[in-house]
file coords.cif (mmCIF, C-alpha atoms and all ligand atoms)
data_data
#
loop_
_atom_site.label_atom_id
_atom_site.label_comp_id
_atom_site.auth_asym_id
_atom_site.auth_seq_id
_atom_site.Cartn_x
_atom_site.Cartn_y
_atom_site.Cartn_z
CA MET A 1 -1.66 22.17 -22.95
CA HIS A 2 -2.58 20.37 -26.20
CA ILE A 3 -0.47 17.28 -26.69
CA PRO A 4 -1.44 14.60 -29.23
CA ALA A 5 -2.64 11.43 -27.50
CA ASP A 6 -0.03 9.29 -29.24
CA THR A 7 2.80 11.37 -27.69
CA SER A 8 5.32 9.35 -25.77
CA ILE A 9 5.82 10.76 -22.26
CA VAL A 10 8.85 10.34 -20.00
CA ILE A 11 8.73 11.72 -16.46
CA LEU A 12 11.67 12.05 -14.07
CA THR A 13 11.01 12.57 -10.38
CA GLY A 14 13.33 13.44 -7.50
CA ALA A 15 13.20 13.87 -3.74
CA GLY A 16 10.98 16.97 -4.08
CA ILE A 17 7.93 14.90 -5.07
CA SER A 18 8.12 12.99 -1.78
CA ALA A 19 8.92 16.01 0.40
CA GLU A 20 5.26 16.78 1.09
CA SER A 21 4.75 13.16 2.20
CA GLY A 22 7.29 13.84 4.95
CA ILE A 23 10.47 12.35 3.48
CA SER A 24 13.34 14.83 3.75
CA THR A 25 15.26 15.80 0.65
CA PHE A 26 19.02 15.51 1.10
CA ARG A 27 19.36 19.25 1.26
CA ASP A 28 16.60 19.62 3.88
CA ALA A 29 18.38 17.00 5.96
CA ASP A 30 21.53 19.14 5.67
CA GLY A 31 23.29 16.36 3.77
CA LEU A 32 24.32 14.84 7.09
CA TRP A 33 23.39 11.72 9.04
CA MET A 34 24.84 11.18 12.53
CA ASN A 35 27.65 13.57 11.52
CA HIS A 36 28.47 11.55 8.40
CA ALA A 37 28.27 13.22 4.99
CA ILE A 38 25.69 11.33 2.91
CA GLU A 39 28.38 10.60 0.30
CA GLU A 40 30.36 8.79 3.02
CA VAL A 41 27.52 6.47 3.96
CA ALA A 42 26.09 5.91 0.50
CA HIS A 43 29.27 4.47 -0.99
CA PRO A 44 30.56 0.92 -1.64
CA THR A 45 33.76 1.71 0.30
CA ALA A 46 31.70 2.70 3.35
CA PHE A 47 29.84 -0.62 3.17
CA ARG A 48 33.09 -2.60 3.02
CA ARG A 49 34.51 -0.57 5.93
CA ASP A 50 31.46 -0.58 8.21
CA PRO A 51 28.48 -2.63 6.92
CA ALA A 52 26.59 -2.30 10.23
CA LEU A 53 26.64 1.50 10.00
CA VAL A 54 25.50 1.54 6.38
CA HIS A 55 22.73 -1.02 7.05
CA GLU A 56 21.54 1.13 9.96
CA PHE A 57 21.38 4.22 7.70
CA TYR A 58 19.06 2.34 5.30
CA ASN A 59 17.15 0.54 8.09
CA GLN A 60 16.15 3.95 9.45
CA ARG A 61 14.98 5.06 6.02
CA ARG A 62 13.10 1.80 5.41
CA ARG A 63 11.33 2.09 8.80
CA GLN A 64 10.27 5.64 7.94
CA LEU A 65 8.26 4.32 4.98
CA PHE A 66 5.71 2.84 7.42
CA GLU A 67 4.89 6.41 8.52
CA VAL A 68 4.36 8.07 5.14
CA SER A 69 1.86 7.85 2.28
CA PRO A 70 1.76 8.91 -1.38
CA ASN A 71 0.64 12.51 -1.87
CA ALA A 72 -1.51 14.13 -4.56
CA ALA A 73 1.45 14.34 -6.97
CA HIS A 74 2.24 10.61 -6.81
CA LEU A 75 -1.48 9.79 -7.25
CA ALA A 76 -1.84 12.15 -10.22
CA LEU A 77 1.07 10.48 -12.07
CA ALA A 78 -0.52 7.05 -11.56
CA ARG A 79 -3.78 8.47 -12.93
CA LEU A 80 -1.96 9.87 -15.97
CA GLU A 81 -0.30 6.52 -16.69
CA GLN A 82 -3.68 4.74 -16.56
CA ALA A 83 -5.46 7.20 -18.87
CA TRP A 84 -2.69 8.09 -21.32
CA PRO A 85 -3.03 6.21 -24.66
CA GLY A 86 0.57 6.80 -25.79
CA ASP A 87 3.80 5.34 -24.42
CA PHE A 88 4.55 6.30 -20.86
CA LEU A 89 7.56 5.84 -18.60
CA LEU A 90 8.10 7.14 -15.07
CA VAL A 91 11.72 7.21 -13.94
CA THR A 92 12.37 8.04 -10.31
CA GLN A 93 15.58 8.80 -8.49
CA ASN A 94 13.72 8.15 -5.26
CA VAL A 95 14.38 5.02 -3.30
CA ASP A 96 11.08 5.28 -1.38
CA ASP A 97 8.07 3.27 -2.58
CA LEU A 98 5.53 6.08 -2.84
CA HIS A 99 5.10 5.84 -6.62
CA ASP A 100 4.57 2.07 -6.31
CA ARG A 101 2.00 2.55 -3.56
CA ALA A 102 0.21 5.25 -5.61
CA GLY A 103 -0.28 2.63 -8.35
CA SER A 104 2.43 3.48 -10.89
CA LEU A 105 3.42 0.41 -12.90
CA LYS A 106 5.54 1.65 -15.81
CA LEU A 107 8.17 2.71 -13.31
CA ILE A 108 11.95 2.50 -13.11
CA HIS A 109 13.74 3.07 -9.80
CA MET A 110 17.04 4.16 -11.33
CA HIS A 111 18.74 4.56 -7.92
CA GLY A 112 17.32 1.36 -6.42
CA GLU A 113 14.72 0.67 -3.75
CA LEU A 114 14.74 0.85 0.03
CA ARG A 115 12.31 -2.04 0.22
CA ARG A 116 14.64 -4.47 -1.56
CA VAL A 117 17.96 -6.04 -0.65
CA ARG A 118 20.26 -8.13 -2.81
CA CYS A 119 22.79 -10.82 -2.14
CA LEU A 120 26.44 -10.21 -3.03
CA LYS A 121 26.97 -13.99 -3.34
CA CYS A 122 24.01 -15.27 -5.41
CA LEU A 123 23.04 -11.81 -6.80
CA GLN A 124 19.31 -12.37 -6.25
CA SER A 125 17.28 -9.41 -5.00
CA HIS A 126 14.40 -9.75 -2.56
CA PRO A 127 11.53 -7.55 -1.33
CA TRP A 128 12.48 -6.43 2.20
CA MET A 129 10.35 -4.66 4.83
CA GLU A 130 12.40 -5.37 7.95
CA ASP A 131 15.76 -4.26 9.28
CA CYS A 132 18.77 -5.92 7.65
CA LEU A 133 22.06 -6.59 9.46
CA PRO A 134 25.47 -7.82 8.27
CA GLU A 135 24.66 -11.28 9.69
CA THR A 136 21.17 -11.56 8.14
CA PRO A 137 21.10 -14.63 5.83
CA CYS A 138 20.04 -14.36 2.18
CA PRO A 139 16.60 -16.05 1.80
CA ALA A 140 17.85 -17.78 -1.39
CA CYS A 141 21.38 -19.03 -0.62
CA GLY A 142 21.60 -18.61 3.16
CA LYS A 143 24.86 -16.60 3.04
CA PRO A 144 25.10 -13.49 5.25
CA SER A 145 25.85 -11.32 2.22
CA LEU A 146 22.92 -8.97 1.82
CA ARG A 147 23.33 -5.34 0.87
CA PRO A 148 20.78 -2.56 0.36
CA HIS A 149 19.41 -2.60 -3.24
CA ILE A 150 20.54 1.00 -3.63
CA VAL A 151 22.75 2.62 -6.25
CA TRP A 152 25.57 4.20 -4.30
CA PHE A 153 27.88 7.02 -5.36
CA ASP A 154 30.33 5.71 -8.01
CA GLU A 155 27.88 2.94 -9.03
CA MET A 156 25.95 2.73 -12.30
CA PRO A 157 22.22 3.65 -12.14
CA MET A 158 19.80 0.87 -13.11
CA LYS A 159 18.20 0.28 -16.52
CA MET A 160 20.03 3.13 -18.26
CA GLY A 161 19.61 1.49 -21.70
CA GLU A 162 15.83 1.43 -21.38
CA ILE A 163 15.78 5.01 -20.05
CA THR A 164 18.03 6.33 -22.85
CA ARG A 165 15.86 4.70 -25.52
CA ALA A 166 12.69 6.23 -24.04
CA LEU A 167 14.31 9.69 -23.80
CA SER A 168 15.46 9.58 -27.41
CA ARG A 169 11.95 9.01 -28.77
CA CYS A 170 9.68 10.84 -26.30
CA GLY A 171 7.63 13.86 -27.33
CA LEU A 172 7.21 15.23 -23.81
CA PHE A 173 9.73 15.13 -20.96
CA ILE A 174 8.66 16.30 -17.51
CA CYS A 175 11.03 16.73 -14.59
CA ILE A 176 9.54 17.06 -11.09
CA GLY A 177 11.22 17.97 -7.79
CA THR A 178 14.84 17.32 -8.65
CA SER A 179 17.68 19.75 -8.09
CA GLY A 180 19.73 18.78 -11.15
CA ASN A 181 22.82 18.09 -9.06
CA VAL A 182 23.03 14.32 -9.59
CA TYR A 183 24.13 12.89 -12.95
CA PRO A 184 23.22 11.15 -15.19
CA ALA A 185 19.62 12.15 -14.28
CA ALA A 186 20.50 15.86 -14.51
CA GLY A 187 21.46 15.29 -18.17
CA PHE A 188 18.13 13.71 -19.22
CA VAL A 189 16.67 17.09 -20.26
CA GLN A 190 19.46 17.56 -22.80
CA GLN A 191 18.96 14.04 -24.15
CA ALA A 192 15.22 14.63 -24.65
CA SER A 193 15.22 18.24 -25.80
CA ARG A 194 16.30 17.49 -29.40
CA GLN A 195 12.76 16.27 -30.21
CA ALA A 196 10.63 16.73 -27.09
CA HIS A 197 8.83 19.51 -25.30
CA THR A 198 10.57 19.73 -21.92
CA LEU A 199 8.89 20.95 -18.74
CA GLU A 200 10.23 21.40 -15.23
CA ILE A 201 8.17 21.57 -12.03
CA ASN A 202 10.05 22.66 -8.92
CA ALA A 203 9.37 24.67 -5.77
CA GLU A 204 12.56 26.66 -6.38
CA GLU A 205 14.87 27.68 -9.22
CA THR A 206 17.25 24.90 -10.18
CA ARG A 207 20.66 24.98 -11.82
CA ILE A 208 19.29 23.23 -14.94
CA ARG A 209 16.21 25.46 -15.22
CA SER A 210 17.42 27.26 -18.38
CA GLN A 211 17.61 23.96 -20.27
CA PHE A 212 13.82 23.48 -20.15
CA LYS A 213 11.44 24.91 -22.76
CA GLU A 214 8.83 25.46 -20.02
CA THR A 215 9.13 25.81 -16.24
CA ARG A 216 6.49 25.90 -13.55
CA LYS A 217 7.40 27.03 -10.08
CA GLY A 218 5.33 25.57 -7.24
CA LEU A 219 4.68 22.64 -4.96
CA ALA A 220 4.44 19.26 -6.63
CA SER A 221 1.16 18.45 -4.83
CA CYS A 222 -0.51 21.43 -6.61
CA GLU A 223 1.35 21.63 -9.92
CA VAL A 224 1.37 17.94 -10.84
CA PRO A 225 -2.40 17.26 -10.50
CA ARG A 226 -3.02 20.52 -12.44
CA LEU A 227 -0.67 19.43 -15.23
CA VAL A 228 -2.25 15.96 -15.40
CA ASP A 229 -5.72 17.52 -15.68
CA GLU A 230 -4.42 19.73 -18.51
CA LEU A 231 -2.83 16.81 -20.35
CA LEU A 232 -5.89 14.58 -20.09
CA GLY A 233 -8.32 17.43 -20.76
CA GLY A 234 -6.38 18.74 -23.77
CA MET A 235 -5.66 15.38 -25.36
CA THR A 236 -6.14 15.49 -29.13
CA ARG A 237 -6.36 12.46 -31.41
P1 LIG B 1 17.54 17.01 -4.03
O1 LIG B 1 17.35 16.91 -2.54
O2 LIG B 1 18.89 17.34 -4.54
O3 LIG B 1 16.55 18.16 -4.58
C1 LIG B 1 15.20 18.20 -4.27
C2 LIG B 1 14.53 19.22 -5.17
O4 LIG B 1 13.14 19.18 -4.91
C3 LIG B 1 15.00 20.67 -4.94
O5 LIG B 1 15.29 21.25 -6.20
C4 LIG B 1 13.80 21.35 -4.29
O6 LIG B 1 13.66 22.70 -4.68
C5 LIG B 1 12.65 20.51 -4.84
N1 LIG B 1 11.47 20.46 -3.95
C6 LIG B 1 11.46 20.31 -2.60
N2 LIG B 1 10.18 20.23 -2.17
C7 LIG B 1 9.40 20.31 -3.29
C8 LIG B 1 7.99 20.27 -3.49
N3 LIG B 1 7.12 20.12 -2.48
N4 LIG B 1 7.52 20.39 -4.76
C9 LIG B 1 8.37 20.54 -5.80
N5 LIG B 1 9.71 20.59 -5.66
C10 LIG B 1 10.22 20.46 -4.42
O7 LIG B 1 16.95 15.67 -4.65
P2 LIG B 1 17.24 14.91 -6.02
O8 LIG B 1 17.38 15.92 -7.12
O9 LIG B 1 16.21 13.86 -6.12
O10 LIG B 1 18.67 14.23 -5.87
C11 LIG B 1 19.19 13.77 -4.69
C12 LIG B 1 19.46 12.27 -4.59
O11 LIG B 1 18.97 11.92 -3.31
C13 LIG B 1 18.77 11.34 -5.54
O12 LIG B 1 19.71 10.45 -6.00
C14 LIG B 1 17.74 10.55 -4.70
O13 LIG B 1 17.86 9.16 -5.00
C15 LIG B 1 18.20 10.73 -3.29
N6 LIG B 1 17.12 10.94 -2.29
C16 LIG B 1 15.96 10.22 -2.36
C17 LIG B 1 14.93 10.45 -1.44
C18 LIG B 1 13.66 9.62 -1.54
O14 LIG B 1 13.72 8.46 -1.95
N7 LIG B 1 12.50 10.19 -1.22
C19 LIG B 1 15.08 11.44 -0.47
C20 LIG B 1 16.30 12.16 -0.41
C21 LIG B 1 17.30 11.91 -1.34
#
call {"tool": "encode", "arguments": {"input": "coords.cif", "output": "structure tokens", "more": "lines below"}}
Ligand code: NAD
result
Amino acid sequence: MHIPADTSIVILTGAGISAESGISTFRDADGLWMNHAIEEVAHPTAFRRDPALVHEFYNQRRRQLFEVSPNAAHLALARLEQAWPGDFLLVTQNVDDLHDRAGSLKLIHMHGELRRVRCLKCLQSHPWMEDCLPETPCPACGKPSLRPHIVWFDEMPMKMGEITRALSRCGLFICIGTSGNVYPAAGFVQQASRQAHTLEINAEETRIRSQFKETRKGLASCEVPRLVDELLGGMTR
């Protein structure tokens, strides 16, 4: 692939890029947790009704991060960011920290982060590695008002202005391991395709496949390092 080196790149990743690290996608997990539909647990109403249950859902996920590591796909994207001379933005729907641990810096967690909590009273967010309970005090104001720093169903994803601006001027948009079921992320390809080459990498066919100019079917751990090698090898100035 020959892409001019001043091309602005935006990459969107979903649960599929972390699947080979051992983190289940929602579909693999059957969309259920302790007989609760995910939509029931990941919702502001659920947190108001039963904060202990919702904290436990995220505590389990946060604990799991100690057992997993970035895979070849996460590492390849960090390598691309370091070597690419043009603008670069990685947007992830994932709440795990595998892109961070791979070394990605120009990174937006549009659906929040498992390893952060924020206070509903003072609104400060804090890095968080431990379990969090309804009675856990906020490190800043001392109030027991912490919630997971996660974008729940019916809440607005983070940094949408910055993402929209990057999509509207990018020359290459790459979408990796996302099913295209969750909006607004599923609409990014349409936003970018007016001016950008658009490329999807997924292990299976997705419902938004036909909206991409190019699709590559395969595992992220194989396809992403191969694509990064192509981009860096074929760079023209
Ligand atoms: P999804 O579960 O709806 O879809 C995952 C996609 O990844 C599928 O299309 C599947 O075919 C593909 N896939 C699976 N393994 C792959 C692999 N090895 N290589 C390439 N593709 C692979 O996930 P989504 O589209 O990200 O949306 C679901 C929502 O769930 C998001 O909001 C996300 O925040 C959340 N979620 C996050 C995590 C995480 O942080 N790791 C895990 C589960 C769900």
call {"tool": "closest_atom_pairs", "arguments": {"input": "coords.cif", "of": "chain A", "to": "ligand LIG 1 (chain B)", "cutoff": "6 Å", "atoms": "all atoms listed in the file", "output": "Markdown table"}}
result
| residue | atom | partner | partner_atom | distance |
| --- | --- | --- | --- | --- |
| A:Gly14 | CA | B:LIG1 | O9 | 3.2 |
| A:Ala15 | CA | B:LIG1 | O9 | 3.8 |
| A:Gly16 | CA | B:LIG1 | O4 | 3.2 |
| A:Ile17 | CA | B:LIG1 | N4 | 5.5 |
| A:Ser18 | CA | B:LIG1 | N7 | 5.2 |
| A:Ala19 | CA | B:LIG1 | N2 | 5.1 |
| A:Glu20 | CA | B:LIG1 | N3 | 5.2 |
| A:Ile23 | CA | B:LIG1 | N7 | 5.6 |
| A:Ser24 | CA | B:LIG1 | C19 | 5.7 |
| A:Thr25 | CA | B:LIG1 | C20 | 3.9 |
| A:Phe26 | CA | B:LIG1 | O1 | 4.2 |
| A:Arg27 | CA | B:LIG1 | O1 | 4.9 |
| A:Gln93 | CA | B:LIG1 | O13 | 4.2 |
| A:Asn94 | CA | B:LIG1 | O14 | 3.3 |
| A:Val95 | CA | B:LIG1 | O14 | 3.8 |
| A:Asp96 | CA | B:LIG1 | O14 | 4.2 |
| A:His111 | CA | B:LIG1 | O13 | 5.5 |
| A:Gly177 | CA | B:LIG1 | O4 | 3.7 |
| A:Thr178 | CA | B:LIG1 | O8 | 3.3 |
| A:Ser179 | CA | B:LIG1 | O5 | 3.4 |
| A:Gly180 | CA | B:LIG1 | O8 | 5.5 |
| A:Val182 | CA | B:LIG1 | O10 | 5.7 |
| A:Asn202 | CA | B:LIG1 | N5 | 3.9 |
| A:Ala203 | CA | B:LIG1 | N5 | 4.1 |
| A:Glu204 | CA | B:LIG1 | O6 | 4.4 |
| A:Thr206 | CA | B:LIG1 | O5 | 5.7 |
| A:Leu219 | CA | B:LIG1 | N4 | 3.6 |
| A:Ala220 | CA | B:LIG1 | N4 | 3.8 |
call {"tool": "residues_around", "arguments": {"input": "coords.cif", "residues": "A:Arg115", "least_positions_apart": "6", "cutoff": "10 Å", "atoms": "only C-alpha atoms", "output": "ChimeraX atom specification"}}
result
/A:58-59,61-63,65,95-97,126-131,148-150
call {"tool": "closest_residue", "arguments": {"input": "coords.cif", "among": "A:Leu12, A:Leu199, A:Met1, A:Cys222", "to": "A:Ala186", "atoms": "all atoms listed in the file"}}
result
A:Leu12
call {"tool": "closest_residue", "arguments": {"input": "coords.cif", "among": "A:His197, A:Lys143, A:His109, A:Arg49", "to": "A:Ile9", "atoms": "only C-alpha atoms"}}
result
A:His197
call {"tool": "closest_residue", "arguments": {"input": "coords.cif", "among": "A:Ser69, A:Ser168, A:Ser104, A:Ser193", "to": "A:Gly22", "atoms": "all atoms listed in the file"}}
result
A:Ser69
